[in-house]
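**Student:** My structure is in model20.txt, and what it holds is compact mmCIF, C-alpha atoms and all ligand atoms:
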# COMPACT_ATOMS: atom_id res chain seq x y z
CA MET A 100 3.13 -13.23 -7.14
CA PRO A 101 2.41 -12.31 -10.74
CA LEU A 102 3.48 -8.71 -10.77
CA ARG A 103 1.77 -5.84 -12.48
CA THR A 104 -1.50 -7.65 -12.68
CA PRO A 105 -3.96 -5.43 -10.84
CA ILE A 106 -3.32 -5.15 -7.12
CA LEU A 107 -6.28 -3.96 -5.10
CA ALA A 108 -5.28 -3.15 -1.55
CA GLY A 109 -7.51 -2.12 1.32
CA ASN A 110 -6.11 -0.27 4.33
CA TRP A 111 -8.68 -0.52 7.10
CA LYS A 112 -6.73 1.77 9.44
CA MET A 113 -8.24 1.59 12.99
CA HIS A 114 -11.58 0.14 11.87
CA LEU A 115 -13.29 -3.28 11.94
CA GLY A 116 -12.65 -5.52 14.93
CA PRO A 117 -12.80 -9.33 14.65
CA SER A 118 -16.63 -9.60 14.53
CA ASP A 119 -17.00 -6.83 11.94
CA THR A 120 -14.18 -8.47 9.97
CA GLU A 121 -16.14 -11.72 9.68
CA ALA A 122 -19.23 -9.85 8.51
CA PHE A 123 -17.15 -7.88 6.01
CA PHE A 124 -15.73 -11.00 4.36
CA GLU A 125 -19.07 -12.74 4.19
CA ALA A 126 -20.39 -9.81 2.15
CA PHE A 127 -17.21 -9.06 0.17
CA LEU A 128 -16.34 -12.61 -0.92
CA ALA A 129 -19.90 -13.15 -2.13
CA ARG A 130 -19.45 -10.13 -4.43
CA HIS A 131 -15.86 -10.69 -5.51
CA PRO A 132 -15.42 -14.05 -7.24
CA GLU A 133 -11.95 -15.58 -7.17
CA ARG A 134 -9.68 -14.48 -10.02
CA ALA A 135 -6.29 -15.85 -11.01
CA ASP A 136 -5.19 -12.58 -12.64
CA GLY A 137 -5.34 -10.20 -9.73
CA THR A 138 -4.53 -9.92 -6.08
CA VAL A 139 -6.52 -8.37 -3.29
CA ILE A 140 -4.55 -7.45 -0.18
CA PHE A 141 -6.19 -6.36 3.07
CA PHE A 142 -4.51 -4.50 5.88
CA PRO A 143 -6.79 -5.05 8.88
CA PRO A 144 -5.92 -3.93 12.40
CA SER A 145 -3.43 -6.49 13.79
CA LEU A 146 -6.00 -7.85 16.25
CA SER A 147 -8.38 -8.62 13.37
CA LEU A 148 -5.80 -10.44 11.25
CA ALA A 149 -6.63 -13.92 12.60
CA ALA A 150 -10.35 -13.41 11.99
CA ALA A 151 -9.61 -12.14 8.47
CA LEU A 152 -7.42 -15.15 7.64
CA ARG A 153 -10.12 -17.51 8.89
CA ALA A 154 -12.87 -15.71 6.99
CA ALA A 155 -10.95 -15.77 3.69
CA ALA A 156 -9.47 -19.28 4.07
CA GLY A 157 -9.41 -21.05 0.71
CA ARG A 158 -9.26 -17.83 -1.32
CA SER A 159 -5.73 -17.72 -2.73
CA ASP A 160 -6.39 -14.35 -4.41
CA VAL A 161 -6.98 -12.70 -1.02
CA ARG A 162 -3.86 -11.92 0.99
CA PHE A 163 -3.03 -9.97 4.11
CA GLY A 164 -0.60 -7.51 5.57
CA VAL A 165 0.04 -5.34 8.59
CA GLN A 166 -0.37 -1.57 8.66
CA ASN A 167 2.76 -0.94 10.68
CA LEU A 168 5.60 -2.72 12.45
CA TYR A 169 8.54 -1.99 14.72
CA HIS A 170 12.00 -2.43 13.25
CA GLU A 171 13.43 -4.63 16.03
CA PRO A 172 12.65 -8.35 15.66
CA ALA A 173 11.85 -8.87 19.38
CA GLY A 174 12.47 -7.30 22.77
CA ALA A 175 11.15 -5.02 25.48
CA PHE A 176 9.09 -2.71 23.24
CA THR A 177 5.69 -2.64 24.89
CA GLY A 178 2.82 -2.23 22.48
CA GLU A 179 4.80 -2.87 19.31
CA VAL A 180 4.51 -5.66 16.73
CA SER A 181 7.62 -6.95 14.96
CA ALA A 182 7.96 -8.16 11.38
CA PRO A 183 8.69 -11.81 12.39
CA ILE A 184 5.60 -11.82 14.63
CA ALA A 185 3.48 -10.36 11.80
CA ARG A 186 4.82 -13.01 9.39
CA ASP A 187 4.15 -15.79 11.88
CA ALA A 188 0.59 -14.49 12.30
CA GLY A 189 -0.05 -14.86 8.56
CA ALA A 190 0.82 -11.44 7.15
CA GLU A 191 2.65 -11.42 3.79
CA PHE A 192 2.86 -7.65 3.31
CA ALA A 193 3.57 -4.57 5.43
CA LEU A 194 2.67 -0.94 4.78
CA VAL A 195 5.66 1.28 5.46
CA GLY A 196 5.78 5.06 5.43
CA HIS A 197 2.02 5.56 5.25
CA SER A 198 1.29 9.28 5.45
CA GLU A 199 -0.57 8.84 8.75
CA ARG A 200 2.55 7.24 10.23
CA ARG A 201 4.67 10.09 8.87
CA HIS A 202 2.35 13.01 9.63
CA VAL A 203 0.22 11.89 12.62
CA PHE A 204 2.88 9.85 14.44
CA GLY A 205 5.95 11.77 13.29
CA GLU A 206 7.68 8.77 11.69
CA THR A 207 10.94 9.90 10.14
CA VAL A 208 12.44 8.74 6.84
CA PRO A 209 15.24 6.78 8.65
CA GLU A 210 12.55 5.00 10.70
CA THR A 211 10.66 4.13 7.51
CA ALA A 212 13.93 2.78 6.08
CA ARG A 213 14.55 0.62 9.18
CA LYS A 214 11.00 -0.76 9.01
CA THR A 215 11.42 -1.57 5.33
CA ARG A 216 14.62 -3.52 6.02
CA ALA A 217 13.01 -5.30 8.99
CA ALA A 218 10.06 -6.34 6.83
CA LEU A 219 12.33 -7.70 4.09
CA GLU A 220 14.44 -9.61 6.59
CA ALA A 221 11.30 -11.31 7.89
CA ASP A 222 10.09 -12.16 4.38
CA LEU A 223 7.28 -9.60 4.42
CA LEU A 224 6.83 -7.61 1.21
CA PRO A 225 6.83 -3.90 2.02
CA ILE A 226 4.48 -1.49 0.30
CA LEU A 227 6.43 1.75 0.57
CA CYS A 228 4.06 4.73 0.63
CA VAL A 229 5.27 8.08 -0.67
CA GLY A 230 3.50 11.33 -1.44
CA GLU A 231 3.61 15.08 -1.12
CA THR A 232 1.48 17.47 0.95
CA LEU A 233 -0.71 20.13 -0.65
CA VAL A 234 1.77 22.88 0.23
CA GLU A 235 4.60 20.90 -1.35
CA ARG A 236 2.53 20.37 -4.52
CA ARG A 237 1.54 24.05 -4.71
CA ASP A 238 5.20 25.01 -4.29
CA GLY A 239 6.11 22.81 -7.27
CA ARG A 240 8.06 20.41 -5.04
CA ALA A 241 5.95 17.23 -5.48
CA HIS A 242 8.53 15.39 -7.58
CA ALA A 243 11.42 16.43 -5.35
CA VAL A 244 9.61 15.34 -2.18
CA VAL A 245 8.81 11.91 -3.61
CA THR A 246 12.38 11.55 -4.89
CA ASP A 247 13.69 12.28 -1.38
CA GLN A 248 11.26 9.85 0.24
CA LEU A 249 12.34 7.13 -2.18
CA ALA A 250 16.02 7.92 -1.68
CA GLY A 251 15.71 7.83 2.11
CA VAL A 252 14.62 4.19 1.93
CA LEU A 253 16.01 2.80 -1.33
CA ASP A 254 19.53 4.25 -1.17
CA GLY A 255 20.53 1.72 1.45
CA LEU A 256 18.94 -1.32 -0.17
CA PRO A 257 20.50 -3.98 -2.44
CA GLN A 258 18.94 -4.13 -5.91
CA ALA A 259 17.28 -7.49 -5.21
CA ASP A 260 15.47 -5.99 -2.21
CA ILE A 261 14.30 -3.00 -4.24
CA GLY A 262 12.93 -5.46 -6.77
CA ALA A 263 10.85 -7.11 -4.04
CA LEU A 264 9.08 -3.89 -3.05
CA LEU A 265 5.75 -2.46 -4.01
CA ILE A 266 5.37 1.32 -4.06
CA ALA A 267 2.21 3.31 -3.34
CA TYR A 268 1.94 6.90 -4.49
CA GLU A 269 -0.43 8.54 -2.05
CA PRO A 270 -0.62 12.32 -2.27
CA VAL A 271 -1.26 13.39 1.34
CA TRP A 272 -3.84 15.98 0.24
CA ALA A 273 -5.95 13.20 -1.32
CA ILE A 274 -6.03 10.78 1.63
CA GLY A 275 -9.37 10.68 3.40
CA THR A 276 -10.30 14.09 1.98
CA GLY A 277 -12.51 13.19 -0.99
CA GLU A 278 -9.95 14.97 -3.22
CA THR A 279 -8.38 12.72 -5.85
CA ALA A 280 -5.39 13.23 -8.08
CA SER A 281 -6.43 13.38 -11.71
CA PRO A 282 -5.47 10.34 -13.78
CA GLN A 283 -2.92 12.61 -15.53
CA ASP A 284 -1.37 13.71 -12.21
CA ALA A 285 -1.22 10.09 -11.07
CA ALA A 286 0.34 8.95 -14.36
CA ASP A 287 2.87 11.80 -14.20
CA MET A 288 4.03 10.88 -10.69
CA HIS A 289 4.02 7.15 -11.44
CA HIS A 290 6.30 7.85 -14.44
CA HIS A 291 8.55 9.86 -12.16
CA ILE A 292 8.73 6.97 -9.67
CA ARG A 293 9.29 4.39 -12.44
CA THR A 294 12.16 6.48 -13.82
CA ASP A 295 13.75 6.58 -10.37
CA LEU A 296 13.40 2.78 -10.11
CA VAL A 297 14.90 2.23 -13.58
CA ARG A 298 17.96 4.23 -12.54
CA ARG A 299 18.35 2.00 -9.46
CA VAL A 300 17.64 -1.49 -10.78
CA GLY A 301 17.47 -1.26 -14.58
CA ASP A 302 14.55 -1.47 -17.01
CA GLU A 303 13.61 -5.10 -16.59
CA ALA A 304 13.48 -5.21 -12.79
CA ALA A 305 11.87 -1.76 -12.53
CA ALA A 306 9.11 -2.80 -14.93
CA LYS A 307 8.09 -5.55 -12.49
CA ILE A 308 7.68 -3.30 -9.44
CA PRO A 309 4.00 -2.52 -8.91
CA ILE A 310 3.20 1.14 -8.29
CA LEU A 311 -0.22 1.66 -6.70
CA TYR A 312 -2.20 4.89 -6.47
CA GLY A 313 -3.94 5.82 -3.23
CA GLY A 314 -6.08 8.77 -2.20
CA SER A 315 -9.90 8.81 -2.05
CA VAL A 316 -10.33 5.99 -4.55
CA LYS A 317 -14.05 5.22 -4.85
CA PRO A 318 -16.21 3.04 -7.11
CA ASP A 319 -16.92 6.03 -9.36
CA ASN A 320 -13.28 7.04 -9.98
CA ALA A 321 -11.53 3.66 -9.72
CA ALA A 322 -11.76 2.71 -13.41
CA GLU A 323 -10.16 5.90 -14.71
CA LEU A 324 -7.40 5.86 -12.06
CA LEU A 325 -6.67 2.17 -12.69
CA GLY A 326 -6.61 2.95 -16.40
CA ALA A 327 -3.97 5.67 -16.03
CA ASP A 328 -0.54 4.91 -17.46
CA GLN A 329 1.85 3.19 -15.01
CA VAL A 330 -0.89 2.69 -12.39
CA ASP A 331 -0.70 -0.98 -11.40
CA GLY A 332 -3.33 -0.99 -8.71
CA VAL A 333 -4.88 1.03 -5.92
CA LEU A 334 -4.47 1.38 -2.17
CA VAL A 335 -7.87 2.23 -0.75
CA GLY A 336 -8.73 3.50 2.74
CA GLY A 337 -12.31 4.57 3.46
CA ALA A 338 -13.99 2.75 0.58
CA SER A 339 -12.30 -0.55 1.51
CA LEU A 340 -14.43 -0.70 4.66
CA LYS A 341 -17.61 -1.15 2.64
CA PRO A 342 -17.83 -4.60 1.02
CA HIS A 343 -20.04 -3.39 -1.87
CA ASP A 344 -17.82 -0.40 -2.63
CA PHE A 345 -14.57 -2.33 -2.43
CA ALA A 346 -15.96 -5.15 -4.61
CA ALA A 347 -16.99 -2.50 -7.15
CA ILE A 348 -13.47 -1.00 -7.07
CA CYS A 349 -11.98 -4.48 -7.62
CA ALA A 350 -14.37 -5.11 -10.51
CA ALA A 351 -13.23 -1.81 -12.11
CA ALA A 352 -9.73 -3.28 -12.51
CA TYR A 353 -10.85 -5.82 -15.15
C1 LIG B 401 -5.08 5.25 2.66
O1 LIG B 401 -5.35 5.18 3.83
O2 LIG B 401 -4.03 4.74 2.24
C2 LIG B 401 -6.01 5.95 1.75
C3 LIG B 401 -5.68 6.09 0.50
O3 LIG B 401 -7.19 6.40 2.30
P1 LIG B 401 -8.49 6.96 1.50
O4 LIG B 401 -8.79 6.00 0.38
O5 LIG B 401 -9.59 7.00 2.53
O6 LIG B 401 -8.14 8.32 0.98
Could I get this file's structure written as structure tokens?
Ligand code: PEP

**Tutor:**
Amino acid sequence: MPLRTPILAGNWKMHLGPSDTEAFFEAFLARHPERADGTVIFFPPSLSLAAALRAAAGRSDVRFGVQNLYHEPAGAFTGEVSAPIARDAGAEFALVGHSERRHVFGETVPETARKTRAALEADLLPILCVGETLVERRDGRAHAVVTDQLAGVLDGLPQADIGALLIAYEPVWAIGTGETASPQDAADMHHHIRTDLVRRVGDEAAAKIPILYGGSVKPDNAAELLGADQVDGVLVGGASLKPHDFAAICAAAY
């Protein structure tokens, strides 16, 4: 994948079943012409992945991932989906450490680390989500929290694996709230993350790791967030459910 060309990712969370997925792509693909210099990645619910792949067949700029996975490759784990199964079903990416996994489902940093390794072993590219809560930001701990979240996952990984990751900075207070980090706040945290990556893998490899911003990205704020320094793309929740809005966000990247 050409890295650090704009990456526009849509996390559908628990929305859009297979029939709504078909309708979404009919509307979205009509508004988002194929481009060689950018990638759109959708994270539908697992049960809608097959419908999404069918609906976007032939569009090499549109790719897919899973919102979550279990770290074991197979076994008696009722209700879970493994990385090899997700890969076999057509996923190329996996969200790991999304704030809803951490804060709604109580996912710990070691669990996020295990999921990241499981994804890499199955040839899925992880998008590692990090971000501070409002209290942590107000206490002046935003950088430290993100540093710890990165360390909890990256400390155990070989450099080549770190180089395969994508990172998403998603301040928890901006997710689904209508609040957005300012472009300056986003650029500041993205610099912080890039510096951490440089220390781990060196300048050249760190420069290739896409860092996305996520948190209430909408058509009317996408251009300025995508224009912020070190912001290589966006991870969009709510607005990615609306074909017109998400196409407008994608258009803002060019
Ligand atoms: C998300 O779910 O990753 C997200 C950023 O959601 P929203 O755009 O709705 O804030």

**Student:** What is the atom CA of Phe124 of chain A to atom CA of Gly109 of chain A distance in Å?

**Tutor:** 12.5 Å

**Student:** Which residue gives the smallest distance to Ile261 of chain A among A:Glu206, A:Asp295, A:Asp331, A:Asp160, with all atoms listed in the file counted?

**Tutor:**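 Residue with the minimum atom-to-atom distance to Ile261 of chain A: A:Asp295.
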
**Student:** Report, in Å to a single decimal, how far apart atom CA of Glu278 of chain A and atom CA of Thr246 of chain A are.

**Tutor:**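 Spanning atom CA of Thr246 of chain A to atom CA of Glu278 of chain A is a straight-line distance of 22.7 Å.
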
**Student:** One decimal, Å: what's the distance from atom CA of Ser281 of chain A over to atom CA of Leu265 of chain A, could you say?

**Tutor:**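 Here the two named atoms are 21.4 Å from each other.
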
**Student:** Which chain A residues have any atom within 9 Å of an atom of ligand LIG 401 (chain B), and for each, what is the nearest pair of atoms with distance in Å to one decimal, counting all atoms listed in the file, rows sorted by chain and number, as JSON lines?

**Tutor:**
{"residue": "A:Ala108", "atom": "CA", "partner": "B:LIG401", "partner_atom": "O2", "distance": 8.8}
{"residue": "A:Gly109", "atom": "CA", "partner": "B:LIG401", "partner_atom": "O2", "distance": 7.7}
{"residue": "A:Asn110", "atom": "CA", "partner": "B:LIG401", "partner_atom": "O1", "distance": 5.5}
{"residue": "A:Trp111", "atom": "CA", "partner": "B:LIG401", "partner_atom": "O1", "distance": 7.4}
{"residue": "A:Lys112", "atom": "CA", "partner": "B:LIG401", "partner_atom": "O1", "distance": 6.7}
{"residue": "A:His197", "atom": "CA", "partner": "B:LIG401", "partner_atom": "O2", "distance": 6.8}
{"residue": "A:Ser198", "atom": "CA", "partner": "B:LIG401", "partner_atom": "O2", "distance": 7.7}
{"residue": "A:Glu199", "atom": "CA", "partner": "B:LIG401", "partner_atom": "O1", "distance": 7.8}
{"residue": "A:Cys228", "atom": "CA", "partner": "B:LIG401", "partner_atom": "O2", "distance": 8.2}
{"residue": "A:Ala267", "atom": "CA", "partner": "B:LIG401", "partner_atom": "O2", "distance": 8.5}
{"residue": "A:Glu269", "atom": "CA", "partner": "B:LIG401", "partner_atom": "C3", "distance": 6.3}
{"residue": "A:Pro270", "atom": "CA", "partner": "B:LIG401", "partner_atom": "C3", "distance": 8.5}
{"residue": "A:Val271", "atom": "CA", "partner": "B:LIG401", "partner_atom": "O6", "distance": 8.6}
{"residue": "A:Trp272", "atom": "CA", "partner": "B:LIG401", "partner_atom": "O6", "distance": 8.8}
{"residue": "A:Ala273", "atom": "CA", "partner": "B:LIG401", "partner_atom": "O6", "distance": 5.8}
{"residue": "A:Ile274", "atom": "CA", "partner": "B:LIG401", "partner_atom": "O6", "distance": 3.3}
{"residue": "A:Gly275", "atom": "CA", "partner": "B:LIG401", "partner_atom": "O6", "distance": 3.6}
{"residue": "A:Thr276", "atom": "CA", "partner": "B:LIG401", "partner_atom": "O6", "distance": 6.2}
{"residue": "A:Gly277", "atom": "CA", "partner": "B:LIG401", "partner_atom": "O6", "distance": 6.8}
{"residue": "A:Glu278", "atom": "CA", "partner": "B:LIG401", "partner_atom": "O6", "distance": 8.1}
{"residue": "A:Thr279", "atom": "CA", "partner": "B:LIG401", "partner_atom": "O6", "distance": 8.1}
{"residue": "A:Tyr312", "atom": "CA", "partner": "B:LIG401", "partner_atom": "C3", "distance": 7.9}
{"residue": "A:Gly313", "atom": "CA", "partner": "B:LIG401", "partner_atom": "C3", "distance": 4.1}
{"residue": "A:Gly314", "atom": "CA", "partner": "B:LIG401", "partner_atom": "O6", "distance": 3.8}
{"residue": "A:Ser315", "atom": "CA", "partner": "B:LIG401", "partner_atom": "O6", "distance": 3.5}
{"residue": "A:Val316", "atom": "CA", "partner": "B:LIG401", "partner_atom": "O4", "distance": 5.2}
{"residue": "A:Lys317", "atom": "CA", "partner": "B:LIG401", "partner_atom": "O4", "distance": 7.5}
{"residue": "A:Val333", "atom": "CA", "partner": "B:LIG401", "partner_atom": "C3", "distance": 8.2}
{"residue": "A:Leu334", "atom": "CA", "partner": "B:LIG401", "partner_atom": "C3", "distance": 5.5}
{"residue": "A:Val335", "atom": "CA", "partner": "B:LIG401", "partner_atom": "O4", "distance": 4.0}
{"residue": "A:Gly336", "atom": "CA", "partner": "B:LIG401", "partner_atom": "O3", "distance": 3.3}
{"residue": "A:Gly337", "atom": "CA", "partner": "B:LIG401", "partner_atom": "O5", "distance": 3.8}
{"residue": "A:Ala338", "atom": "CA", "partner": "B:LIG401", "partner_atom": "O4", "distance": 6.1}
{"residue": "A:Ser339", "atom": "CA", "partner": "B:LIG401", "partner_atom": "O4", "distance": 7.5}

**Student:** Determine the nearest neighbour of Gly262 of chain A from the options A:Glu235, A:Glu191, A:Asp284, A:Asp302, counting all atoms listed in the file.

**Tutor:**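 With all atoms listed in the file as the atom set, the closest residue is A:Asp302.
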
**Student:** Within 9 Å of Ala190 of chain A, counting all atoms listed in the file, which residues qualify if same-chain residues fewer than 6 places away don't, as a ChimeraX atom specification?

**Tutor:** /A:142,148,162-165,182,184,223
